[in-house]
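Quick look at final-v1.txt (compact mmCIF, C-alpha atoms and all ligand atoms):
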```
# COMPACT_ATOMS: atom_id res chain seq x y z
CA MET A 1 142.49 163.02 7.83
CA ASP A 2 140.70 164.77 4.95
CA LEU A 3 137.18 163.49 5.60
CA THR A 4 135.67 165.26 2.61
CA SER A 5 136.74 166.66 -0.76
CA GLY A 6 135.08 168.58 -3.57
CA VAL A 7 132.18 170.79 -2.53
CA PRO A 8 129.77 169.24 -0.02
CA PHE A 9 126.34 170.67 -0.80
CA TRP A 10 125.11 171.47 2.73
CA ILE A 11 127.91 173.88 3.58
CA ILE A 12 127.12 175.88 0.44
CA ARG A 13 123.38 175.61 1.03
CA ASP A 14 123.38 176.60 4.72
CA GLY A 15 126.63 178.53 5.20
CA LEU A 16 127.43 179.03 8.87
CA PRO A 17 124.12 178.71 10.72
CA ALA A 18 125.82 179.59 14.04
CA VAL A 19 129.26 180.44 15.37
CA TYR A 20 130.97 179.00 18.43
CA PRO A 21 134.03 180.17 20.37
CA LYS A 22 137.41 178.45 20.62
CA LEU A 23 138.19 177.06 24.06
CA LYS A 24 140.42 179.52 25.90
CA HIS A 25 140.06 178.47 29.58
CA ASP A 26 140.19 175.25 31.58
CA ARG A 27 136.78 173.62 32.06
CA ARG A 28 135.26 171.03 34.38
CA CYS A 29 132.09 169.09 33.51
CA ASP A 30 130.26 165.78 33.89
CA VAL A 31 130.82 164.65 30.32
CA ALA A 32 133.18 165.85 27.60
CA VAL A 33 132.20 165.08 24.02
CA ILE A 34 134.94 165.04 21.38
CA GLY A 35 133.46 165.69 17.94
CA GLY A 36 130.92 168.24 16.75
CA GLY A 37 129.24 166.33 13.94
CA ILE A 38 125.74 164.90 13.98
CA THR A 39 126.80 162.18 16.44
CA GLY A 40 128.34 164.59 18.96
CA ALA A 41 125.30 166.85 18.62
CA LEU A 42 122.83 164.00 19.22
CA VAL A 43 124.79 162.77 22.23
CA ALA A 44 125.27 166.23 23.75
CA HIS A 45 121.60 167.09 23.19
CA ARG A 46 120.42 163.86 24.82
CA PHE A 47 122.68 164.28 27.86
CA ALA A 48 121.85 167.97 28.26
CA GLN A 49 118.13 167.10 28.25
CA GLU A 50 118.81 165.15 31.45
CA GLY A 51 120.51 168.14 33.09
CA ILE A 52 124.00 166.68 32.65
CA HIS A 53 126.72 169.30 32.23
CA VAL A 54 128.45 168.64 28.89
CA VAL A 55 131.37 170.34 27.18
CA LEU A 56 131.70 169.55 23.46
CA VAL A 57 134.85 170.27 21.50
CA GLU A 58 135.39 170.09 17.75
CA ARG A 59 138.72 170.47 15.94
CA ARG A 60 137.17 171.82 12.71
CA GLU A 61 134.10 174.02 12.47
CA ILE A 62 130.90 172.44 13.74
CA GLY A 63 129.53 169.94 11.24
CA HIS A 64 132.51 170.23 8.88
CA GLY A 65 133.56 166.58 9.20
CA SER A 66 131.61 163.77 7.51
CA THR A 67 128.38 165.44 8.56
CA ALA A 68 128.93 168.07 5.88
CA ALA A 69 129.19 165.32 3.25
CA THR A 70 126.33 163.08 4.27
CA THR A 71 123.44 162.59 1.89
CA ALA A 72 121.25 161.99 4.96
CA LEU A 73 118.83 159.32 3.83
CA ILE A 74 117.16 158.27 7.06
CA GLN A 75 116.38 154.58 6.94
CA TYR A 76 115.65 151.72 9.30
CA GLU A 77 117.16 149.34 6.74
CA ILE A 78 120.73 148.41 7.58
CA ASP A 79 123.39 147.70 4.93
CA SER A 80 123.10 144.03 6.02
CA SER A 81 119.59 142.77 5.32
CA LEU A 82 117.59 141.34 8.21
CA CYS A 83 118.19 137.81 6.86
CA GLU A 84 121.96 138.35 6.51
CA LEU A 85 122.15 139.92 9.94
CA THR A 86 120.21 137.02 11.44
CA ASP A 87 122.81 134.62 10.00
CA ARG A 88 125.61 136.70 11.49
CA VAL A 89 124.37 137.71 14.93
CA GLY A 90 121.30 135.55 15.56
CA GLU A 91 117.62 136.35 15.18
CA ALA A 92 117.07 138.15 18.49
CA ASP A 93 119.86 140.71 18.00
CA ALA A 94 119.09 141.16 14.31
CA VAL A 95 115.40 141.84 14.97
CA ARG A 96 116.23 144.16 17.86
CA SER A 97 118.72 146.10 15.68
CA TYR A 98 116.04 146.62 13.04
CA GLN A 99 113.52 147.66 15.71
CA LEU A 100 115.93 150.19 17.20
CA CYS A 101 116.64 151.66 13.76
CA HIS A 102 112.92 151.82 13.02
CA GLU A 103 112.34 153.79 16.24
CA ALA A 104 115.35 155.99 15.46
CA VAL A 105 113.86 157.05 12.09
CA ARG A 106 110.92 158.49 14.00
CA GLY A 107 113.30 159.93 16.61
CA ILE A 108 115.28 161.86 13.98
CA GLU A 109 112.00 163.13 12.51
CA ARG A 110 110.89 164.41 15.94
CA LEU A 111 114.19 166.15 16.60
CA ALA A 112 114.27 167.75 13.14
CA THR A 113 110.67 168.94 13.07
CA GLU A 114 109.96 169.93 16.69
CA GLY A 115 110.33 173.62 17.50
CA GLU A 116 111.72 176.02 14.94
CA GLY A 117 112.78 174.98 11.43
CA GLY A 118 112.27 171.53 9.96
CA CYS A 119 115.94 171.02 8.97
CA GLY A 120 114.80 170.03 5.48
CA HIS A 121 113.11 166.94 6.86
CA ARG A 122 110.58 165.06 4.77
CA ARG A 123 108.95 161.80 5.69
CA THR A 124 108.93 159.45 2.75
CA LYS A 125 109.08 155.79 1.75
CA SER A 126 112.10 153.74 0.76
CA LEU A 127 112.40 151.53 -2.30
CA TYR A 128 115.05 148.79 -2.19
CA LEU A 129 115.60 147.55 -5.74
CA ALA A 130 116.73 144.09 -6.84
CA SER A 131 119.81 144.75 -8.95
CA ARG A 132 119.89 141.25 -10.49
CA PRO A 133 117.19 138.67 -11.31
CA ARG A 134 118.45 136.32 -8.60
CA ASP A 135 117.89 139.02 -5.94
CA ARG A 136 114.14 138.67 -6.48
CA GLU A 137 113.89 135.55 -4.32
CA ILE A 138 116.21 137.07 -1.70
CA LEU A 139 113.94 140.11 -1.45
CA LYS A 140 110.88 137.90 -1.11
CA GLN A 141 112.39 136.15 1.90
CA GLU A 142 113.57 139.46 3.31
CA CYS A 143 110.07 140.88 2.97
CA ASP A 144 108.58 137.95 4.90
CA ALA A 145 111.19 138.26 7.66
CA ARG A 146 110.55 141.98 8.07
CA LYS A 147 106.78 141.50 8.04
CA ARG A 148 107.08 138.86 10.77
CA MET A 149 108.71 141.44 13.03
CA GLY A 150 105.95 143.95 12.31
CA ILE A 151 107.60 146.24 9.77
CA GLU A 152 105.30 147.76 7.14
CA VAL A 153 106.87 146.67 3.88
CA ASP A 154 105.56 145.40 0.52
CA PHE A 155 107.10 143.21 -2.13
CA LEU A 156 106.75 144.72 -5.62
CA ASP A 157 107.41 142.60 -8.68
CA GLY A 158 108.66 143.84 -12.04
CA LYS A 159 105.14 144.59 -13.26
CA ASP A 160 104.24 146.66 -10.17
CA LEU A 161 107.43 148.64 -10.60
CA ALA A 162 106.85 149.30 -14.31
CA GLN A 163 103.44 150.81 -13.48
CA GLN A 164 104.89 153.40 -11.10
CA PHE A 165 108.46 154.01 -12.22
CA SER A 166 110.42 154.62 -15.42
CA PHE A 167 112.81 151.71 -14.86
CA ARG A 168 112.62 147.95 -15.15
CA ARG A 169 113.93 145.93 -12.24
CA PRO A 170 113.09 142.33 -11.30
CA ALA A 171 111.56 143.29 -7.91
CA ALA A 172 111.80 145.69 -4.97
CA LEU A 173 110.81 146.19 -1.33
CA LEU A 174 108.77 149.28 -0.58
CA SER A 175 109.08 150.35 3.07
CA GLN A 176 106.53 152.77 4.46
CA LEU A 177 108.85 154.51 6.93
CA ALA A 178 111.89 156.56 5.88
CA GLY A 179 113.00 160.16 5.81
CA GLU A 180 115.42 162.67 4.39
CA VAL A 181 116.96 165.56 6.29
CA ASP A 182 119.66 168.22 6.26
CA ALA A 183 121.98 166.72 8.87
CA TYR A 184 124.29 169.73 8.92
CA ARG A 185 121.43 172.03 9.87
CA LEU A 186 120.11 169.47 12.36
CA THR A 187 123.53 169.39 14.04
CA HIS A 188 123.41 173.16 14.59
CA LYS A 189 119.80 173.03 15.71
CA LEU A 190 120.46 170.37 18.34
CA LEU A 191 123.49 172.21 19.67
CA GLY A 192 121.56 175.48 19.78
CA GLU A 193 118.78 173.86 21.83
CA ALA A 194 121.20 172.13 24.18
CA ILE A 195 123.22 175.32 24.73
CA LYS A 196 120.06 176.83 26.22
CA GLY A 197 120.14 173.92 28.69
CA GLY A 198 123.77 174.48 29.72
CA LEU A 199 125.81 172.73 27.01
CA GLU A 200 129.12 174.41 26.20
CA VAL A 201 130.36 174.11 22.60
CA TYR A 202 133.84 175.03 21.37
CA ASP A 203 134.99 174.57 17.81
CA ARG A 204 138.40 174.96 16.18
CA THR A 205 139.66 173.25 19.35
CA VAL A 206 141.58 170.01 18.97
CA VAL A 207 141.86 167.46 21.76
CA SER A 208 145.51 166.44 21.72
CA GLY A 209 145.82 164.47 24.96
CA ILE A 210 143.59 162.22 27.07
CA GLU A 211 144.66 161.09 30.56
CA ALA A 212 142.53 158.79 32.69
CA SER A 213 142.51 158.95 36.49
CA ASN A 214 140.51 157.08 39.14
CA HIS A 215 137.78 159.71 39.06
CA GLY A 216 137.56 160.49 35.38
CA VAL A 217 139.53 161.97 32.53
CA GLU A 218 141.53 165.06 31.74
CA LEU A 219 141.63 166.22 28.13
CA THR A 220 144.29 168.60 26.88
CA THR A 221 143.64 170.80 23.89
CA GLY A 222 146.10 171.94 21.23
CA ASP A 223 146.15 175.40 22.90
CA GLY A 224 147.01 173.88 26.29
CA CYS A 225 143.58 174.16 27.97
CA ARG A 226 142.40 171.31 30.17
CA ILE A 227 138.93 169.79 30.44
CA GLN A 228 138.22 167.61 33.45
CA ALA A 229 135.26 165.28 33.13
CA ARG A 230 133.83 162.14 34.69
CA LYS A 231 133.45 160.57 31.26
CA VAL A 232 134.51 161.35 27.72
CA VAL A 233 132.44 160.45 24.65
CA PHE A 234 134.35 159.82 21.43
CA ALA A 235 132.02 161.06 18.70
CA THR A 236 135.01 161.32 16.42
CA GLY A 237 133.60 159.50 13.39
CA TYR A 238 135.98 158.00 10.87
CA GLU A 239 139.01 159.48 12.65
CA THR A 240 138.42 157.26 15.68
CA PRO A 241 140.52 154.28 14.51
CA GLU A 242 143.61 156.32 15.37
CA TYR A 243 142.64 156.02 19.07
CA LEU A 244 141.90 152.29 19.07
CA ASP A 245 144.05 149.14 19.21
CA GLN A 246 141.26 147.01 17.73
CA ARG A 247 140.50 147.17 13.97
CA ILE A 248 136.73 147.56 13.77
CA VAL A 249 136.09 149.35 10.50
CA LYS A 250 137.12 149.23 6.86
CA LEU A 251 137.48 152.78 5.59
CA THR A 252 136.67 153.49 1.96
CA SER A 253 135.82 156.50 -0.21
CA THR A 254 132.32 157.31 -1.35
CA PHE A 255 130.92 159.95 -3.71
CA ALA A 256 127.82 162.10 -4.02
CA LEU A 257 126.34 164.92 -6.06
CA ALA A 258 123.49 167.41 -5.89
CA THR A 259 121.72 168.51 -9.06
CA ALA A 260 120.22 171.89 -9.85
CA PRO A 261 116.48 171.98 -9.07
CA VAL A 262 114.73 169.84 -11.70
CA ASP A 263 111.52 170.63 -13.61
CA GLY A 264 109.75 167.45 -12.53
CA PHE A 265 110.20 163.90 -11.32
CA ASP A 266 108.73 162.03 -14.26
CA GLY A 267 109.05 158.29 -13.65
CA TRP A 268 109.82 158.53 -9.91
CA GLY A 269 106.41 157.49 -8.53
CA GLU A 270 104.03 159.73 -6.64
CA ASP A 271 106.16 161.04 -3.84
CA GLN A 272 109.79 160.41 -4.82
CA CYS A 273 110.70 157.75 -2.30
CA LEU A 274 114.31 157.05 -1.39
CA ILE A 275 115.90 154.67 -3.88
CA TRP A 276 118.69 152.16 -3.20
CA GLU A 277 119.56 148.68 -4.38
CA THR A 278 120.95 145.25 -3.56
CA ALA A 279 124.20 145.68 -5.56
CA ARG A 280 127.32 146.44 -3.51
CA PRO A 281 128.48 149.17 -3.58
CA TYR A 282 124.97 150.46 -4.06
CA PHE A 283 123.63 153.48 -5.91
CA TYR A 284 121.08 155.59 -4.05
CA ALA A 285 119.05 158.76 -4.61
CA ARG A 286 116.78 161.17 -2.78
CA THR A 287 115.30 164.61 -3.33
CA THR A 288 115.53 167.90 -1.41
CA ARG A 289 112.78 170.31 -0.43
CA ASP A 290 113.98 172.79 -3.08
CA GLY A 291 113.52 170.28 -5.90
CA ARG A 292 117.06 168.97 -6.28
CA ILE A 293 118.18 165.39 -6.51
CA ILE A 294 121.00 164.10 -4.36
CA MET A 295 122.56 160.80 -5.29
CA GLY A 296 125.53 158.82 -4.14
CA GLY A 297 127.52 155.61 -4.14
CA ALA A 298 130.34 154.62 -6.56
CA ASP A 299 132.48 153.64 -3.54
CA ARG A 300 136.18 152.97 -4.04
CA PRO A 301 138.79 151.36 -1.79
CA TYR A 302 140.93 153.54 0.54
CA ALA A 303 139.87 156.19 3.02
CA THR A 304 141.25 159.19 1.18
CA ALA A 305 141.04 158.11 -2.49
CA HIS A 306 138.25 160.70 -2.81
CA ARG A 307 140.85 163.47 -2.70
CA GLN A 308 141.97 162.72 -6.27
CA ASP A 309 140.29 165.25 -8.56
CA LYS A 310 140.26 162.83 -11.49
CA LEU A 311 138.54 160.13 -9.48
CA LEU A 312 135.94 162.59 -8.18
CA SER A 313 135.12 163.64 -11.71
CA ARG A 314 134.98 160.01 -12.93
CA GLN A 315 132.73 158.86 -10.09
CA THR A 316 130.47 161.88 -10.57
CA SER A 317 129.93 160.89 -14.20
CA ARG A 318 129.29 157.34 -13.10
CA LEU A 319 126.60 158.39 -10.62
CA ARG A 320 125.04 160.60 -13.22
CA SER A 321 124.74 157.77 -15.74
CA GLN A 322 123.42 155.37 -13.08
CA PHE A 323 120.70 157.91 -12.38
CA THR A 324 119.90 158.47 -16.03
CA ARG A 325 119.52 154.73 -16.62
CA LEU A 326 116.84 154.68 -13.92
CA PHE A 327 115.20 157.99 -14.79
CA PRO A 328 115.78 158.81 -18.48
CA ARG A 329 112.89 161.34 -18.44
CA ILE A 330 114.47 163.53 -15.73
CA PRO A 331 117.20 165.73 -17.29
CA ILE A 332 119.77 166.80 -14.69
CA ASP A 333 122.57 169.35 -14.30
CA VAL A 334 125.14 168.64 -11.63
CA ASP A 335 125.56 171.66 -9.34
CA TRP A 336 127.87 170.24 -6.69
CA SER A 337 129.80 167.02 -6.32
CA TRP A 338 131.92 165.76 -3.48
CA GLY A 339 133.59 162.73 -1.97
CA GLY A 340 134.04 161.54 1.56
CA THR A 341 135.50 158.86 3.77
CA PHE A 342 133.07 156.12 4.67
CA GLY A 343 133.28 153.12 6.99
CA GLU A 344 131.88 149.60 6.91
CA THR A 345 131.85 147.12 9.76
CA LYS A 346 131.88 143.33 9.47
CA ASP A 347 128.15 143.00 10.23
CA GLY A 348 126.83 146.42 9.24
CA LEU A 349 126.22 147.35 12.88
CA PRO A 350 127.75 150.29 14.73
CA TYR A 351 130.13 150.15 17.69
CA ILE A 352 128.70 151.73 20.82
CA GLY A 353 130.06 151.42 24.35
CA THR A 354 133.39 151.03 26.09
CA VAL A 355 136.85 149.55 25.45
CA PRO A 356 139.33 148.46 28.17
CA GLN A 357 141.94 150.85 26.72
CA PHE A 358 139.92 153.94 27.86
CA PRO A 359 138.44 153.26 31.32
CA HIS A 360 136.27 156.41 31.32
CA GLY A 361 135.66 156.56 27.58
CA TYR A 362 132.40 155.95 25.72
CA PHE A 363 132.36 155.44 21.96
CA ALA A 364 129.56 156.42 19.57
CA LEU A 365 130.62 155.07 16.18
CA GLY A 366 127.68 154.91 13.81
CA TYR A 367 129.59 153.34 10.93
CA GLY A 368 127.67 152.26 7.83
CA GLY A 369 124.99 153.64 5.54
CA ASN A 370 122.73 154.23 8.54
CA GLY A 371 125.24 156.37 10.40
CA ILE A 372 122.69 158.95 11.51
CA THR A 373 120.07 156.56 12.89
CA PHE A 374 122.87 154.61 14.61
CA SER A 375 124.08 157.84 16.24
CA LEU A 376 120.66 158.45 17.75
CA ILE A 377 120.69 154.91 19.15
CA ALA A 378 124.18 155.60 20.53
CA ALA A 379 122.97 158.74 22.33
CA ASP A 380 120.26 156.78 24.17
CA LEU A 381 122.47 153.82 25.05
CA LEU A 382 125.37 155.94 26.30
CA LEU A 383 123.02 157.96 28.47
CA ASP A 384 121.86 154.73 30.13
CA LEU A 385 125.47 153.68 30.60
CA PHE A 386 126.29 157.02 32.23
CA LEU A 387 123.26 156.87 34.51
CA GLU A 388 124.06 153.21 35.33
CA ARG A 389 120.70 152.09 33.98
CA ARG A 390 120.74 148.51 32.74
CA ASN A 391 120.17 148.35 28.98
CA PRO A 392 120.42 144.92 27.34
CA ASP A 393 120.73 146.53 23.87
CA LEU A 394 124.28 147.62 24.71
CA LYS A 395 125.53 144.10 24.19
CA ILE A 396 124.39 144.08 20.54
CA PHE A 397 126.82 146.87 19.63
CA ARG A 398 129.70 146.05 22.00
CA PHE A 399 133.29 146.08 20.74
CA ASP A 400 134.09 142.44 21.55
CA ARG A 401 131.12 140.95 19.72
C1 LIG B 501 129.05 160.86 1.05
C2 LIG B 501 128.43 160.26 2.29
C3 LIG B 501 127.10 159.91 2.27
C4 LIG B 501 126.50 159.38 3.42
N1 LIG B 501 125.17 159.12 3.39
C5 LIG B 501 124.54 158.74 4.52
C6 LIG B 501 123.13 158.59 4.52
O1 LIG B 501 122.47 158.73 3.49
N2 LIG B 501 122.52 158.27 5.70
C7 LIG B 501 123.23 158.09 6.84
O2 LIG B 501 122.62 157.81 7.89
N3 LIG B 501 124.59 158.22 6.87
C8 LIG B 501 125.25 158.54 5.73
N4 LIG B 501 126.59 158.71 5.74
C9 LIG B 501 127.30 158.47 6.98
C10 LIG B 501 127.15 159.71 7.87
O3 LIG B 501 127.52 160.83 7.15
C11 LIG B 501 128.04 159.56 9.07
O4 LIG B 501 127.65 158.43 9.81
C12 LIG B 501 127.93 160.76 9.98
O5 LIG B 501 128.11 161.97 9.30
C13 LIG B 501 128.97 160.63 11.05
O6 LIG B 501 128.81 161.72 11.90
P1 LIG B 501 129.84 161.90 13.06
O7 LIG B 501 129.39 163.05 13.85
O8 LIG B 501 130.03 160.60 13.76
O9 LIG B 501 131.21 162.18 12.30
P2 LIG B 501 131.76 163.59 11.81
O10 LIG B 501 130.73 164.43 11.20
O11 LIG B 501 132.99 163.31 11.00
O12 LIG B 501 132.16 164.27 13.18
C14 LIG B 501 133.27 163.82 13.94
C15 LIG B 501 134.03 165.05 14.32
O13 LIG B 501 135.04 164.72 15.28
C16 LIG B 501 136.02 165.71 15.14
N5 LIG B 501 137.25 165.24 15.79
C17 LIG B 501 137.92 164.09 15.52
N6 LIG B 501 139.01 164.03 16.34
C18 LIG B 501 139.00 165.15 17.10
C19 LIG B 501 139.87 165.66 18.11
N7 LIG B 501 140.97 165.01 18.48
N8 LIG B 501 139.56 166.85 18.70
C20 LIG B 501 138.44 167.52 18.33
N9 LIG B 501 137.58 167.09 17.36
C21 LIG B 501 137.87 165.92 16.77
C22 LIG B 501 136.16 165.85 13.63
O14 LIG B 501 136.73 167.09 13.29
C23 LIG B 501 134.74 165.69 13.14
O15 LIG B 501 134.12 166.91 12.82
C24 LIG B 501 127.25 159.20 4.61
C25 LIG B 501 128.60 159.53 4.62
C26 LIG B 501 129.19 160.07 3.48
C27 LIG B 501 130.65 160.47 3.53
```

Spit out the file's structure as structure tokens when you get a sec.
Ligand SMILES: Cc1cc2nc3c(=O)[nH]c(=O)nc-3n(C[C@H](O)[C@H](O)[C@H](O)COP(=O)(O)OP(=O)(O)OC[C@H]3O[C@@H](n4cnc5c(N)ncnc54)[C@H](O)[C@@H]3O)c2cc1C
Amino acid sequence: MDLTSGVPFWIIRDGLPAVYPKLKHDRRCDVAVIGGGITGALVAHRFAQEGIHVVLVERREIGHGSTAATTALIQYEIDSSLCELTDRVGEADAVRSYQLCHEAVRGIERLATEGEGGCGHRRTKSLYLASRPRDREILKQECDARKRMGIEVDFLDGKDLAQQFSFRRPAALLSQLAGEVDAYRLTHKLLGEAIKGGLEVYDRTVVSGIEASNHGVELTTGDGCRIQARKVVFATGYETPEYLDQRIVKLTSTFALATAPVDGFDGWGEDQCLIWETARPYFYARTTRDGRIIMGGADRPYATAHRQDKLLSRQTSRLRSQFTRLFPRIPIDVDWSWGGTFGETKDGLPYIGTVPQFPHGYFALGYGGNGITFSLIAADLLLDLFLERRNPDLKIFRFDR
């Protein structure tokens, strides 16, 4: 599948931060990871930290799947609000999901900023705008629910917003904890660290066959090499549905752009928080450390609609005018624009765990706008599964929920 189209900014910005060999020999390991995006990197890094021997294989170049296209807003807020999620899955699981995401925002920050290079990480706040007047009351209730579970969040009304920002909206929630990162660079950083601990990484190596036995799995690559492992982790992103009988995700196309560095952020508050909104599909925006603005949204049906040049150009203009309506005093030039496949689940939660179809397979599918925080949660949960440590959180994200 073409996961991206146009020119994803990070590949241009960072180039090839590291190179990895193709797999040319048979390998044996504890855990094989299929997929070298941010999810595979987080999982491999977590397992390698525990001294587990992991072999990771990637069919493209490392990070050249959806990870290259991500806009990498790091948020605890799920596409389903806490109140909506409570209605769908019950209060306990909804609250726990929000708590796990909240912890994961800090976890991503630690991984990005520890050691060398910050991977473009910046801690910031997140502003969730009411798109319509009737969303004001919904946000009020949402604010109360989040506060009850201990999240630091404030309700801003139209007047508060007008004092700090250039736009008029009926209300918003301002969350104190959020972040932005360069997920492509973080992927390479995590792999680099884990390689020092024994991880083996091979890119341009496609897994074409998976055979289960009593003791584990044997993967076959396109070049005929075999990898024997006790377990295999599918960190295969939006291409995973091709392996599964069950339909768990609706694939769509989404769009993003990066501007040239701007002269200033007039009308965007003191520290340029992340911006998103209650409308669906939602518009969102963030900044980069070199003074650019990245924005995205304008989702369209169908997984690969983003490949149409005309649509990419139309959705780019749409994003641009959505931005200008919010921030008329920030003139922008679009440097790069791109599209990508995106996935939504019925409740906004990821799928993490096992399916009967693959007895030794683990799945790490961080579908939704919080893909990256979900992937960190997946890494922790799958490690517990592998080490046979009981973790009640696994049931929240199970496939048969
Ligand atoms: C435009 C856009 C904006 C987004 N914005 C955000 C955001 O702001 N915040 C956020 O948290 N998330 C966001 N997301 C979602 C986020 O990008 C994804 O959740 C994340 O990149 C998924 O990473 P991944 O590693 O699971 O998938 P990928 O990066 O796609 O990696 C999976 C890899 O598996 C490999 N693979 C598949 N099958 C095989 C095989 N048989 N053999 C070998 N390799 C195989 C693929 O080549 C691929 O590289 C956005 C997504 C898009 C497209």

Can you tell me which residues sit at most 6 Å away from ligand LIG 501 (chain B), counting all atoms listed in the file, written as an MDAnalysis selection string?
-> chainID A and resid 34:40 57:60 63:67 69:74 205:208 235:237 239 254:256 339:342 366:367 369:373

Mind giving me the straight-line distance from CA of Ala178 (chain A) to CA of Tyr76 (chain A) in Å, one decimal?
-> 7.0 Å

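Put simply, CA of Asp299 (chain A) is 25.6 Å away from CA of Phe363 (chain A).
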
Region 65-153 of chain A near region 279-296 of chain A within 9 Å: what's each residue's closest atom pair and its distance in Å to one decimal, counting only C-alpha atoms, ordered by chain then ascending residue number, as a Markdown table?
```
| residue | atom | partner | partner_atom | distance |
| --- | --- | --- | --- | --- |
| A:Thr71 | CA | A:Ile294 | CA | 6.9 |
| A:Ala72 | CA | A:Arg286 | CA | 9.0 |
| A:Leu73 | CA | A:Arg286 | CA | 7.2 |
| A:Gly120 | CA | A:Arg289 | CA | 6.3 |
| A:His121 | CA | A:Arg289 | CA | 8.0 |
| A:Arg122 | CA | A:Arg289 | CA | 7.7 |
| A:Leu129 | CA | A:Ala279 | CA | 8.8 |
| A:Ala130 | CA | A:Ala279 | CA | 7.7 |
| A:Ser131 | CA | A:Ala279 | CA | 5.6 |
| A:Arg132 | CA | A:Ala279 | CA | 7.9 |
```

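Relative to CA of Asp263 (chain A), CA of Asp333 (chain A) is found at 11.1 Å.
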
Take the point (122.2, 168.7, 19.9) in the file's coordinates, draw a sphere of radius 6 Å around it, and report as a ChimeraX atom specification every protein, DNA or RNA residue with an atom inside or on it, counting all atoms listed in the file.
-> /A:41-42,44-45,190-191,194
